[in-house]
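Colleague: File input16.pdb follows (PDB, C-alpha atoms):
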ATOM      1  CA  MET O  15      -6.977 -13.394 -11.201  1.00  0.00           C
ATOM      2  CA  PRO O  16      -6.511  -9.609 -11.329  1.00  0.00           C
ATOM      3  CA  ASN O  17      -2.781  -9.768 -10.687  1.00  0.00           C
ATOM      4  CA  ASP O  18      -1.821 -10.935 -14.138  1.00  0.00           C
ATOM      5  CA  GLU O  19       0.750  -8.231 -14.819  1.00  0.00           C
ATOM      6  CA  SER O  20       2.779  -8.610 -11.664  1.00  0.00           C
ATOM      7  CA  LYS O  21       6.337  -7.479 -12.225  1.00  0.00           C
ATOM      8  CA  PRO O  22       8.966  -7.767  -9.519  1.00  0.00           C
ATOM      9  CA  LEU O  23       9.433  -4.576  -7.514  1.00  0.00           C
ATOM     10  CA  HIS O  24      13.051  -4.157  -8.521  1.00  0.00           C
ATOM     11  CA  ASP O  25      12.020  -4.105 -12.197  1.00  0.00           C
ATOM     12  CA  LEU O  26       9.518  -1.320 -11.507  1.00  0.00           C
ATOM     13  CA  LEU O  27      11.955   0.798  -9.508  1.00  0.00           C
ATOM     14  CA  ALA O  28      14.528   2.364 -11.839  1.00  0.00           C
ATOM     15  CA  GLU O  29      17.796   3.690 -10.466  1.00  0.00           C
ATOM     16  CA  ALA O  30      16.799   7.139 -11.749  1.00  0.00           C
ATOM     17  CA  SER O  31      13.706   6.958  -9.522  1.00  0.00           C
ATOM     18  CA  ILE O  32      15.652   6.413  -6.296  1.00  0.00           C
ATOM     19  CA  ASN O  33      16.879   9.251  -4.080  1.00  0.00           C
ATOM     20  CA  LEU O  34      18.439   7.967  -0.872  1.00  0.00           C
ATOM     21  CA  ASP O  35      19.457  11.290   0.642  1.00  0.00           C
ATOM     22  CA  ALA O  36      16.620  13.765   0.397  1.00  0.00           C
ATOM     23  CA  SER O  37      15.054  16.301   2.685  1.00  0.00           C
ATOM     24  CA  ALA O  38      11.625  17.852   2.461  1.00  0.00           C
ATOM     25  CA  THR O  39      10.096  20.918   4.050  1.00  0.00           C
ATOM     26  CA  SER O  40       6.569  19.528   4.070  1.00  0.00           C
ATOM     27  CA  ARG O  41       4.465  16.518   3.205  1.00  0.00           C
ATOM     28  CA  ASP O  42       3.527  18.031  -0.155  1.00  0.00           C
ATOM     29  CA  ASP O  43       7.191  18.726  -0.912  1.00  0.00           C
ATOM     30  CA  ALA O  44       7.945  15.053  -0.163  1.00  0.00           C
ATOM     31  CA  ILE O  45       5.107  13.912  -2.440  1.00  0.00           C
ATOM     32  CA  ARG O  46       6.402  16.136  -5.254  1.00  0.00           C
ATOM     33  CA  GLN O  47       9.834  14.545  -4.892  1.00  0.00           C
ATOM     34  CA  ALA O  48       8.306  11.064  -5.072  1.00  0.00           C
ATOM     35  CA  GLY O  49       6.347  12.245  -8.119  1.00  0.00           C
ATOM     36  CA  ALA O  50       9.509  13.656  -9.708  1.00  0.00           C
ATOM     37  CA  GLY O  51      11.037  10.174  -9.406  1.00  0.00           C
ATOM     38  CA  LEU O  52       8.144   8.766 -11.435  1.00  0.00           C
ATOM     39  CA  MET O  53       8.432  11.577 -14.002  1.00  0.00           C
ATOM     40  CA  ALA O  54      12.179  10.944 -14.322  1.00  0.00           C
ATOM     41  CA  VAL O  55      11.458   7.669 -16.107  1.00  0.00           C
ATOM     42  CA  GLY O  56       8.525   9.060 -18.079  1.00  0.00           C
ATOM     43  CA  ALA O  57       5.979   6.943 -16.194  1.00  0.00           C
ATOM     44  CA  VAL O  58       3.624   9.848 -15.422  1.00  0.00           C
ATOM     45  CA  ASP O  59       2.771  13.408 -16.480  1.00  0.00           C
ATOM     46  CA  ALA O  60       3.040  16.388 -14.155  1.00  0.00           C
ATOM     47  CA  ALA O  61      -0.742  16.311 -13.732  1.00  0.00           C
ATOM     48  CA  TYR O  62      -0.384  12.950 -11.981  1.00  0.00           C
ATOM     49  CA  VAL O  63       1.771  14.538  -9.280  1.00  0.00           C
ATOM     50  CA  ASP O  64      -1.002  17.055  -8.532  1.00  0.00           C
ATOM     51  CA  ALA O  65      -3.387  14.109  -8.254  1.00  0.00           C
ATOM     52  CA  MET O  66      -1.028  12.440  -5.753  1.00  0.00           C
ATOM     53  CA  ILE O  67      -1.421  15.454  -3.467  1.00  0.00           C
ATOM     54  CA  GLU O  68      -5.168  15.493  -4.053  1.00  0.00           C
ATOM     55  CA  ARG O  69      -5.393  11.829  -3.018  1.00  0.00           C
ATOM     56  CA  GLU O  70      -3.288  12.465   0.076  1.00  0.00           C
ATOM     57  CA  ASN O  71      -5.684  15.220   1.140  1.00  0.00           C
ATOM     58  CA  THR O  72      -8.550  12.702   1.012  1.00  0.00           C
ATOM     59  CA  VAL O  73      -6.933   9.757   2.796  1.00  0.00           C
ATOM     60  CA  SER O  74      -3.406   9.498   4.116  1.00  0.00           C
ATOM     61  CA  THR O  75      -1.174   6.954   2.409  1.00  0.00           C
ATOM     62  CA  PHE O  76       0.902   6.591   5.574  1.00  0.00           C
ATOM     63  CA  MET O  77       1.360   2.843   6.068  1.00  0.00           C
ATOM     64  CA  GLY O  78       3.187   2.504   9.357  1.00  0.00           C
ATOM     65  CA  GLU O  79       6.921   1.672   9.632  1.00  0.00           C
ATOM     66  CA  ALA O  80       7.592   5.367   8.824  1.00  0.00           C
ATOM     67  CA  VAL O  81       6.610   4.665   5.233  1.00  0.00           C
ATOM     68  CA  ALA O  82       4.096   6.435   2.987  1.00  0.00           C
ATOM     69  CA  ILE O  83       3.047   5.338  -0.485  1.00  0.00           C
ATOM     70  CA  PRO O  84       1.714   8.412  -2.295  1.00  0.00           C
ATOM     71  CA  HIS O  85      -0.172   7.751  -5.514  1.00  0.00           C
ATOM     72  CA  GLY O  86      -2.781   9.444  -7.689  1.00  0.00           C
ATOM     73  CA  THR O  87      -6.545   9.279  -7.689  1.00  0.00           C
ATOM     74  CA  LEU O  88      -8.400   6.753  -9.841  1.00  0.00           C
ATOM     75  CA  ALA O  89      -9.205   9.491 -12.347  1.00  0.00           C
ATOM     76  CA  ALA O  90      -5.499  10.233 -12.671  1.00  0.00           C
ATOM     77  CA  LYS O  91      -4.741   6.815 -14.192  1.00  0.00           C
ATOM     78  CA  ASP O  92      -5.031   8.593 -17.552  1.00  0.00           C
ATOM     79  CA  TRP O  93      -1.749  10.351 -16.750  1.00  0.00           C
ATOM     80  CA  VAL O  94       0.098   7.076 -16.209  1.00  0.00           C
ATOM     81  CA  THR O  95       2.009   5.730 -19.188  1.00  0.00           C
ATOM     82  CA  ALA O  96       3.789   2.861 -17.424  1.00  0.00           C
ATOM     83  CA  ASP O  97       3.671   1.061 -14.088  1.00  0.00           C
ATOM     84  CA  ALA O  98       6.502   2.350 -11.948  1.00  0.00           C
ATOM     85  CA  LEU O  99       7.764   2.875  -8.445  1.00  0.00           C
ATOM     86  CA  SER O 100       9.915   5.656  -7.024  1.00  0.00           C
ATOM     87  CA  MET O 101      11.673   5.754  -3.672  1.00  0.00           C
ATOM     88  CA  VAL O 102      12.742   8.809  -1.698  1.00  0.00           C
ATOM     89  CA  ARG O 103      14.518   8.469   1.614  1.00  0.00           C
ATOM     90  CA  PHE O 104      14.359  11.277   4.153  1.00  0.00           C
ATOM     91  CA  PRO O 105      17.027  10.573   6.805  1.00  0.00           C
ATOM     92  CA  ASP O 106      15.768  13.478   8.945  1.00  0.00           C
ATOM     93  CA  GLY O 107      12.129  12.546   8.526  1.00  0.00           C
ATOM     94  CA  VAL O 108       9.127  14.470   7.226  1.00  0.00           C
ATOM     95  CA  ASP O 109       6.071  15.460   9.248  1.00  0.00           C
ATOM     96  CA  TRP O 110       3.350  13.570   7.388  1.00  0.00           C
ATOM     97  CA  ASP O 111       0.126  14.773   8.987  1.00  0.00           C
ATOM     98  CA  GLY O 112       1.585  14.070  12.413  1.00  0.00           C
ATOM     99  CA  ASN O 113       3.407  10.866  11.430  1.00  0.00           C
ATOM    100  CA  ASP O 114       7.167  10.699  11.025  1.00  0.00           C
ATOM    101  CA  VAL O 115       7.945   9.481   7.504  1.00  0.00           C
ATOM    102  CA  ARG O 116      11.422   8.321   6.504  1.00  0.00           C
ATOM    103  CA  LEU O 117      10.569   6.657   3.195  1.00  0.00           C
ATOM    104  CA  ALA O 118       8.113   7.617   0.484  1.00  0.00           C
ATOM    105  CA  PHE O 119       7.364   5.186  -2.322  1.00  0.00           C
ATOM    106  CA  GLY O 120       5.645   6.924  -5.225  1.00  0.00           C
ATOM    107  CA  ILE O 121       3.360   4.573  -7.096  1.00  0.00           C
ATOM    108  CA  ALA O 122       2.102   4.754 -10.667  1.00  0.00           C
ATOM    109  CA  ALA O 123      -0.058   1.937 -11.972  1.00  0.00           C
ATOM    110  CA  LYS O 124      -2.407   1.411 -14.858  1.00  0.00           C
ATOM    111  CA  GLY O 125      -5.304  -0.996 -14.593  1.00  0.00           C
ATOM    112  CA  ASN O 126      -4.980  -3.405 -11.689  1.00  0.00           C
ATOM    113  CA  GLY O 127      -1.197  -3.350 -11.554  1.00  0.00           C
ATOM    114  CA  HIS O 128      -1.256  -1.576  -8.214  1.00  0.00           C
ATOM    115  CA  ILE O 129      -2.677  -4.579  -6.342  1.00  0.00           C
ATOM    116  CA  ALA O 130       0.249  -6.878  -6.995  1.00  0.00           C
ATOM    117  CA  LEU O 131       2.681  -3.999  -6.582  1.00  0.00           C
ATOM    118  CA  LEU O 132       1.308  -2.974  -3.185  1.00  0.00           C
ATOM    119  CA  SER O 133       1.106  -6.571  -2.057  1.00  0.00           C
ATOM    120  CA  GLN O 134       4.800  -7.090  -2.806  1.00  0.00           C
ATOM    121  CA  LEU O 135       5.817  -3.839  -1.142  1.00  0.00           C
ATOM    122  CA  ALA O 136       3.672  -4.476   1.957  1.00  0.00           C
ATOM    123  CA  THR O 137       5.062  -7.994   2.284  1.00  0.00           C
ATOM    124  CA  VAL O 138       8.601  -6.581   2.443  1.00  0.00           C
ATOM    125  CA  LEU O 139       7.629  -3.847   4.928  1.00  0.00           C
ATOM    126  CA  MET O 140       5.773  -6.261   7.236  1.00  0.00           C
ATOM    127  CA  ASP O 141       9.157  -7.673   8.181  1.00  0.00           C
ATOM    128  CA  PRO O 142      10.334  -5.098  10.760  1.00  0.00           C
ATOM    129  CA  ASP O 143      13.996  -5.941  10.120  1.00  0.00           C
ATOM    130  CA  LYS O 144      13.647  -5.367   6.381  1.00  0.00           C
ATOM    131  CA  ALA O 145      11.659  -2.176   6.954  1.00  0.00           C
ATOM    132  CA  GLU O 146      14.385  -0.854   9.221  1.00  0.00           C
ATOM    133  CA  ALA O 147      17.112  -1.862   6.770  1.00  0.00           C
ATOM    134  CA  LEU O 148      15.251  -0.013   3.992  1.00  0.00           C
ATOM    135  CA  ARG O 149      14.928   3.108   6.161  1.00  0.00           C
ATOM    136  CA  ASN O 150      18.689   2.966   6.702  1.00  0.00           C
ATOM    137  CA  ALA O 151      19.665   2.007   3.158  1.00  0.00           C
ATOM    138  CA  THR O 152      22.368   4.213   1.693  1.00  0.00           C
ATOM    139  CA  THR O 153      23.158   2.293  -1.481  1.00  0.00           C
ATOM    140  CA  ILE O 154      20.977   1.345  -4.410  1.00  0.00           C
ATOM    141  CA  ASP O 155      22.300  -2.213  -4.264  1.00  0.00           C
ATOM    142  CA  THR O 156      20.994  -2.573  -0.714  1.00  0.00           C
ATOM    143  CA  VAL O 157      17.579  -1.331  -1.805  1.00  0.00           C
ATOM    144  CA  TYR O 158      17.366  -3.809  -4.671  1.00  0.00           C
ATOM    145  CA  GLN O 159      18.512  -6.619  -2.427  1.00  0.00           C
ATOM    146  CA  LEU O 160      15.843  -5.809   0.185  1.00  0.00           C
ATOM    147  CA  LEU O 161      13.081  -5.540  -2.399  1.00  0.00           C
ATOM    148  CA  THR O 162      13.880  -8.905  -3.960  1.00  0.00           C
ATOM    149  CA  PRO O 163      11.480 -11.497  -2.562  1.00  0.00           C
ATOM    150  CA  ASP O 164      12.900 -14.071  -0.219  1.00  0.00           C
ATOM    151  CA  PRO O 165      12.702 -17.369  -2.119  1.00  0.00           C
ATOM    152  CA  ASP O 166      11.832 -19.208   1.102  1.00  0.00           C
ATOM    153  CA  SER O 167       8.815 -17.057   1.907  1.00  0.00           C
ATOM    154  CA  ASP O 168       5.267 -17.859   0.857  1.00  0.00           C
ATOM    155  CA  GLU O 169       4.390 -16.638  -2.593  1.00  0.00           C
ATOM    156  CA  THR O 170       1.245 -14.535  -2.595  1.00  0.00           C
ATOM    157  CA  GLY O 171      -0.095 -12.084  -5.104  1.00  0.00           C
ATOM    158  CA  GLU O 172      -0.191 -14.600  -7.919  1.00  0.00           C
TER     159      GLU O 172
ATOM    160  CA  MET Y  14     -14.754 -18.543  16.640  1.00  0.00           C
ATOM    161  CA  PRO Y  15     -17.315 -16.382  14.795  1.00  0.00           C
ATOM    162  CA  THR Y  16     -16.353 -15.900  11.155  1.00  0.00           C
ATOM    163  CA  LYS Y  17     -17.872 -14.153   8.180  1.00  0.00           C
ATOM    164  CA  THR Y  18     -17.016 -14.495   4.511  1.00  0.00           C
ATOM    165  CA  VAL Y  19     -17.417 -11.401   2.373  1.00  0.00           C
ATOM    166  CA  THR Y  20     -16.870 -10.438  -1.259  1.00  0.00           C
ATOM    167  CA  VAL Y  21     -14.763  -7.309  -1.674  1.00  0.00           C
ATOM    168  CA  ALA Y  22     -16.889  -4.661  -3.398  1.00  0.00           C
ATOM    169  CA  SER Y  23     -14.246  -1.994  -3.880  1.00  0.00           C
ATOM    170  CA  SER Y  24     -13.848  -1.622  -7.634  1.00  0.00           C
ATOM    171  CA  VAL Y  25     -10.064  -1.503  -7.398  1.00  0.00           C
ATOM    172  CA  GLY Y  26      -9.681  -4.113  -4.684  1.00  0.00           C
ATOM    173  CA  LEU Y  27      -8.318  -3.672  -1.184  1.00  0.00           C
ATOM    174  CA  HIS Y  28      -5.513  -1.282  -2.049  1.00  0.00           C
ATOM    175  CA  ALA Y  29      -4.272   1.870  -0.342  1.00  0.00           C
ATOM    176  CA  ARG Y  30      -7.411   3.892   0.290  1.00  0.00           C
ATOM    177  CA  PRO Y  31      -9.906   1.071   0.923  1.00  0.00           C
ATOM    178  CA  ALA Y  32      -7.269  -0.927   2.811  1.00  0.00           C
ATOM    179  CA  SER Y  33      -6.535   2.066   4.985  1.00  0.00           C
ATOM    180  CA  LEU Y  34     -10.219   2.731   5.734  1.00  0.00           C
ATOM    181  CA  PHE Y  35     -10.829  -0.950   6.439  1.00  0.00           C
ATOM    182  CA  ALA Y  36      -7.810  -1.299   8.746  1.00  0.00           C
ATOM    183  CA  GLN Y  37      -8.879   1.826  10.649  1.00  0.00           C
ATOM    184  CA  ALA Y  38     -12.368   0.362  11.091  1.00  0.00           C
ATOM    185  CA  ALA Y  39     -10.875  -2.954  12.252  1.00  0.00           C
ATOM    186  CA  ALA Y  40      -8.692  -1.162  14.795  1.00  0.00           C
ATOM    187  CA  LYS Y  41     -11.730   0.649  16.181  1.00  0.00           C
ATOM    188  CA  VAL Y  42     -13.808  -2.445  17.005  1.00  0.00           C
ATOM    189  CA  GLY Y  43     -11.620  -3.185  20.009  1.00  0.00           C
ATOM    190  CA  LEU Y  44     -11.280  -6.908  19.262  1.00  0.00           C
ATOM    191  CA  PRO Y  45      -8.427  -8.669  17.485  1.00  0.00           C
ATOM    192  CA  VAL Y  46      -9.788  -9.315  14.009  1.00  0.00           C
ATOM    193  CA  THR Y  47      -8.147 -11.680  11.542  1.00  0.00           C
ATOM    194  CA  LEU Y  48      -8.514 -11.256   7.783  1.00  0.00           C
ATOM    195  CA  THR Y  49      -7.948 -14.358   5.673  1.00  0.00           C
ATOM    196  CA  SER Y  50      -7.622 -14.382   1.885  1.00  0.00           C
ATOM    197  CA  ALA Y  51      -9.165 -16.979  -0.418  1.00  0.00           C
ATOM    198  CA  VAL Y  52      -5.787 -18.737  -0.624  1.00  0.00           C
ATOM    199  CA  GLY Y  53      -5.687 -19.070   3.154  1.00  0.00           C
ATOM    200  CA  LYS Y  54      -3.179 -16.410   4.156  1.00  0.00           C
ATOM    201  CA  SER Y  55      -4.158 -14.670   7.427  1.00  0.00           C
ATOM    202  CA  VAL Y  56      -3.185 -11.250   8.742  1.00  0.00           C
ATOM    203  CA  ASN Y  57      -4.175  -8.829  11.481  1.00  0.00           C
ATOM    204  CA  ALA Y  58      -7.073  -6.895   9.940  1.00  0.00           C
ATOM    205  CA  ALA Y  59      -6.026  -3.716  11.778  1.00  0.00           C
ATOM    206  CA  SER Y  60      -2.624  -3.652  10.034  1.00  0.00           C
ATOM    207  CA  ILE Y  61      -2.665  -1.686   6.791  1.00  0.00           C
ATOM    208  CA  LEU Y  62       0.504  -3.442   5.688  1.00  0.00           C
ATOM    209  CA  GLY Y  63      -1.027  -6.821   6.489  1.00  0.00           C
ATOM    210  CA  VAL Y  64      -4.194  -6.067   4.552  1.00  0.00           C
ATOM    211  CA  LEU Y  65      -2.199  -4.763   1.577  1.00  0.00           C
ATOM    212  CA  SER Y  66       0.118  -7.765   1.582  1.00  0.00           C
ATOM    213  CA  LEU Y  67      -2.818 -10.052   0.765  1.00  0.00           C
ATOM    214  CA  GLY Y  68      -3.209  -8.325  -2.615  1.00  0.00           C
ATOM    215  CA  ILE Y  69      -6.973  -8.715  -2.716  1.00  0.00           C
ATOM    216  CA  GLY Y  70      -8.697  -7.670  -5.929  1.00  0.00           C
ATOM    217  CA  HIS Y  71     -12.272  -6.657  -6.677  1.00  0.00           C
ATOM    218  CA  GLY Y  72     -14.767  -9.492  -6.307  1.00  0.00           C
ATOM    219  CA  GLU Y  73     -12.436 -11.738  -4.324  1.00  0.00           C
ATOM    220  CA  GLN Y  74     -13.684 -13.426  -1.181  1.00  0.00           C
ATOM    221  CA  VAL Y  75     -12.125 -12.860   2.217  1.00  0.00           C
ATOM    222  CA  THR Y  76     -12.985 -14.231   5.644  1.00  0.00           C
ATOM    223  CA  LEU Y  77     -13.145 -12.167   8.811  1.00  0.00           C
ATOM    224  CA  SER Y  78     -12.881 -13.772  12.220  1.00  0.00           C
ATOM    225  CA  THR Y  79     -12.799 -12.555  15.789  1.00  0.00           C
ATOM    226  CA  GLU Y  80     -13.991 -13.555  19.214  1.00  0.00           C
ATOM    227  CA  GLY Y  81     -15.025 -11.863  22.423  1.00  0.00           C
ATOM    228  CA  ASP Y  82     -17.871  -9.604  23.511  1.00  0.00           C
ATOM    229  CA  GLY Y  83     -19.647  -8.153  20.510  1.00  0.00           C
ATOM    230  CA  ALA Y  84     -17.807 -10.360  18.028  1.00  0.00           C
ATOM    231  CA  GLU Y  85     -20.849 -10.865  15.796  1.00  0.00           C
ATOM    232  CA  ALA Y  86     -21.618  -7.144  15.683  1.00  0.00           C
ATOM    233  CA  ALA Y  87     -17.974  -6.344  14.951  1.00  0.00           C
ATOM    234  CA  LEU Y  88     -17.939  -8.784  12.033  1.00  0.00           C
ATOM    235  CA  GLU Y  89     -21.184  -7.322  10.694  1.00  0.00           C
ATOM    236  CA  SER Y  90     -19.818  -3.778  10.765  1.00  0.00           C
ATOM    237  CA  LEU Y  91     -16.540  -4.753   9.099  1.00  0.00           C
ATOM    238  CA  ALA Y  92     -18.343  -6.843   6.489  1.00  0.00           C
ATOM    239  CA  ALA Y  93     -20.379  -3.729   5.686  1.00  0.00           C
ATOM    240  CA  VAL Y  94     -17.142  -1.809   5.073  1.00  0.00           C
ATOM    241  CA  LEU Y  95     -15.943  -4.483   2.643  1.00  0.00           C
ATOM    242  CA  ASN Y  96     -19.337  -4.585   0.947  1.00  0.00           C
ATOM    243  CA  THR Y  97     -19.065  -0.890   0.125  1.00  0.00           C
ATOM    244  CA  ASP Y  98     -17.208   0.436  -2.884  1.00  0.00           C
ATOM    245  CA  LEU Y  99     -14.718   2.484  -0.853  1.00  0.00           C
ATOM    246  CA  ASP Y 100     -13.118   3.962  -3.916  1.00  0.00           C
ATOM    247  CA  LYS Y 101     -16.175   5.969  -4.842  1.00  0.00           C
ATOM    248  CA  GLU Y 102     -15.384   9.581  -4.110  1.00  0.00           C
TER     249      GLU Y 102
END
Represent the structure from my file as structure tokens, please.
Modeller:
Amino acid sequence: MPNDESKPLHDLLAEASINLDASATSRDDAIRQAGAGLMAVGAVDAAYVDAMIERENTVSTFMGEAVAIPHGTLAAKDWVTADALSMVRFPDGVDWDGNDVRLAFGIAAKGNGHIALLSQLATVLMDPDKAEALRNATTIDTVYQLLTPDPDSDETGE
Amino acid sequence: MPTKTVTVASSVGLHARPASLFAQAAAKVGLPVTLTSAVGKSVNAASILGVLSLGIGHGEQVTLSTEGDGAEAALESLAAVLNTDLDKE
């Protein structure tokens, strides 16, 4: 149905978009770092990063498991040139409107790409062991391994 | 168990913002609500991650179920949330 362009998460997350040892002074600073990860691979324009903050001011993208998934408003899809994911890890945490955030996944998606992308990411994070392992990941290999779907688990999102 | 099948009105599907608003509404009804996708996968409706993991697009059908005091009213109110285009700003 709408999930026709579903790419695996590890294909959407370039090494250049991963920062495993970051610190942020504020929520907006953290969002800008997640946005910078998307800009690093040319997936979005700077205007998209402003829209990520705008969206966050409307509704928090905090998802539980100390994870937030900042992304732009619908109108900002014009600033997206490719579907992509970025990942920033904050070992000391960031105060995210009262929630403690350790991981921010920046999301850029054209069309309906976000649905399959979010479904895959949420499926990984729903496993508390995997979520914890991601929060503690210090190598890019570990991240890719954790984001690769378990072949034994139910396939959804197709 | 009372159930209700609803078509998702949100133009972009149940993704971050609508999923978050829906999960918050489900948490507020005070009853354990289950959300089931058209392919039969069920999650806790009050879990944003659970709702997102279903990957529900615009126009797809989902089923809500719960039981207990006020179950019917709870389903009605949550169905109304899904019937609204939550991405309109």
Colleague: Expanded to explicit residues, what is the PyMOL selection byres ((chain Y) within 8 of (chain O)) for this file, as a list of chain:residue names?
Modeller: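 Residues picked by the PyMOL selection byres ((chain Y) within 8 of (chain O)): Y:Val25, Y:Gly26, Y:Leu27, Y:His28, Y:Ala29, Y:Arg30, Y:Ser33, Y:Ile61, Y:Leu62, Y:Gly63, Y:Leu65, Y:Ser66, Y:Leu67, Y:Gly68, Y:Ile69, Y:Gly70, Y:His71.
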Colleague: How would the residues just chosen look if you wrote them out with C-alpha atoms as an mmCIF file, in the frame of the given file?
Modeller:
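Written output follows (part.cif):
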data_model
loop_
_atom_site.group_PDB
_atom_site.id
_atom_site.type_symbol
_atom_site.label_atom_id
_atom_site.label_comp_id
_atom_site.auth_asym_id
_atom_site.auth_seq_id
_atom_site.Cartn_x
_atom_site.Cartn_y
_atom_site.Cartn_z
ATOM 1 C CA VAL Y 25 -10.064 -1.503 -7.398
ATOM 2 C CA GLY Y 26 -9.681 -4.113 -4.684
ATOM 3 C CA LEU Y 27 -8.318 -3.672 -1.184
ATOM 4 C CA HIS Y 28 -5.513 -1.282 -2.049
ATOM 5 C CA ALA Y 29 -4.272 1.870 -0.342
ATOM 6 C CA ARG Y 30 -7.411 3.892 0.290
ATOM 7 C CA SER Y 33 -6.535 2.066 4.985
ATOM 8 C CA ILE Y 61 -2.665 -1.686 6.791
ATOM 9 C CA LEU Y 62 0.504 -3.442 5.688
ATOM 10 C CA GLY Y 63 -1.027 -6.821 6.489
ATOM 11 C CA LEU Y 65 -2.199 -4.763 1.577
ATOM 12 C CA SER Y 66 0.118 -7.765 1.582
ATOM 13 C CA LEU Y 67 -2.818 -10.052 0.765
ATOM 14 C CA GLY Y 68 -3.209 -8.325 -2.615
ATOM 15 C CA ILE Y 69 -6.973 -8.715 -2.716
ATOM 16 C CA GLY Y 70 -8.697 -7.670 -5.929
ATOM 17 C CA HIS Y 71 -12.272 -6.657 -6.677
#
Colleague: Between O:Arg116, O:Lys144, O:Lys91, O:Val102, which one has atoms that come closest to Pro163 in chain O, using all atoms listed in the file?
Modeller: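 Of O:Arg116, O:Lys144, O:Lys91, O:Val102, the one nearest Pro163 in chain O, counting all atoms listed in the file, is O:Lys144.
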Colleague: How many Å lie between CA of Thr79 in chain Y and CA of Ala39 in chain Y, rounded to one decimal?
Modeller: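 These atoms are spaced 10.4 Å apart.
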Colleague: When you look at Asp109 in chain O with a cut-off of 12 Å (counting all atoms listed in the file), what residues show up, excluding the ones that are within fewer than 4 positions of it in the same chain? I need them as an MDAnalysis selection string.
Modeller: chainID O and resid 37:45 76 80:82 104 113:118
Colleague: Enumerate, as a compact mmCIF listing (two decimals) with C-alpha atoms, keeping the file's coordinate frame, the residues matched when the PyMOL selection byres ((chain Y and resi 43) around 12) is run on the file above.
Modeller:
# COMPACT_ATOMS: atom_id res chain seq x y z
CA GLN Y 37 -8.88 1.83 10.65
CA ALA Y 38 -12.37 0.36 11.09
CA ALA Y 39 -10.88 -2.95 12.25
CA ALA Y 40 -8.69 -1.16 14.80
CA LYS Y 41 -11.73 0.65 16.18
CA VAL Y 42 -13.81 -2.44 17.00
CA LEU Y 44 -11.28 -6.91 19.26
CA PRO Y 45 -8.43 -8.67 17.48
CA VAL Y 46 -9.79 -9.32 14.01
CA ALA Y 58 -7.07 -6.90 9.94
CA ALA Y 59 -6.03 -3.72 11.78
CA THR Y 79 -12.80 -12.56 15.79
CA GLU Y 80 -13.99 -13.56 19.21
CA GLY Y 81 -15.02 -11.86 22.42
CA ASP Y 82 -17.87 -9.60 23.51
CA GLY Y 83 -19.65 -8.15 20.51
CA ALA Y 84 -17.81 -10.36 18.03
CA ALA Y 86 -21.62 -7.14 15.68
CA ALA Y 87 -17.97 -6.34 14.95
CA LEU Y 88 -17.94 -8.78 12.03
Colleague: Could you write out as an MDAnalysis selection string the residues that the PyMOL selection byres ((chain O and resi 56) around 12) matches in the shown file?
Modeller: chainID O and resid 28 30:31 49:55 57:60 62 93:100 122
Colleague: Using only the atoms of range 130-146 of chain O listed in the file, plus 8 Å on each side, state the axis-aligned box centre and edge lengths in Å rounded to one decimal, as lines of an AutoDock Vina configuration file.
Modeller:
center_x = 7.3
center_y = -4.4
center_z = 1.9
size_x = 30.1
size_y = 23.1
size_z = 33.8
Colleague: Please, what distance in Å, to one decimal, runs between CA of Ala36 in chain O and CA of Asn71 in chain O?
Modeller: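 Spanning CA of Ala36 in chain O to CA of Asn71 in chain O is a straight-line distance of 22.4 Å.
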Colleague: Do you have the CA of Thr162 in chain O-CA of Ala90 in chain O distance handy?
Modeller: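 Separation between CA of Thr162 in chain O and CA of Ala90 in chain O: 28.6 Å.
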Colleague: Complete the atoms of range 85-94 of chain Y to N, CA and C atoms and put them out as a compact mmCIF listing (two decimals), in the frame of the given file.
Modeller:
# COMPACT_ATOMS: atom_id res chain seq x y z
N GLU Y 85 -19.95 -10.80 16.95
CA GLU Y 85 -20.85 -10.86 15.80
C GLU Y 85 -21.10 -9.47 15.23
N ALA Y 86 -21.35 -8.52 16.13
CA ALA Y 86 -21.62 -7.14 15.68
C ALA Y 86 -20.39 -6.55 15.01
N ALA Y 87 -19.21 -6.87 15.54
CA ALA Y 87 -17.97 -6.34 14.95
C ALA Y 87 -17.80 -6.89 13.53
N LEU Y 88 -18.08 -8.18 13.37
CA LEU Y 88 -17.94 -8.78 12.03
C LEU Y 88 -18.94 -8.17 11.06
N GLU Y 89 -20.16 -7.95 11.55
CA GLU Y 89 -21.18 -7.32 10.69
C GLU Y 89 -20.72 -5.95 10.22
N SER Y 90 -20.19 -5.14 11.14
CA SER Y 90 -19.82 -3.78 10.76
C SER Y 90 -18.63 -3.79 9.80
N LEU Y 91 -17.69 -4.70 10.01
CA LEU Y 91 -16.54 -4.75 9.10
C LEU Y 91 -16.93 -5.34 7.73
N ALA Y 92 -17.86 -6.28 7.76
CA ALA Y 92 -18.34 -6.84 6.49
C ALA Y 92 -19.01 -5.74 5.67
N ALA Y 93 -19.71 -4.84 6.38
CA ALA Y 93 -20.38 -3.73 5.69
C ALA Y 93 -19.34 -2.82 5.02
N VAL Y 94 -18.20 -2.63 5.67
CA VAL Y 94 -17.14 -1.81 5.07
C VAL Y 94 -16.64 -2.46 3.78
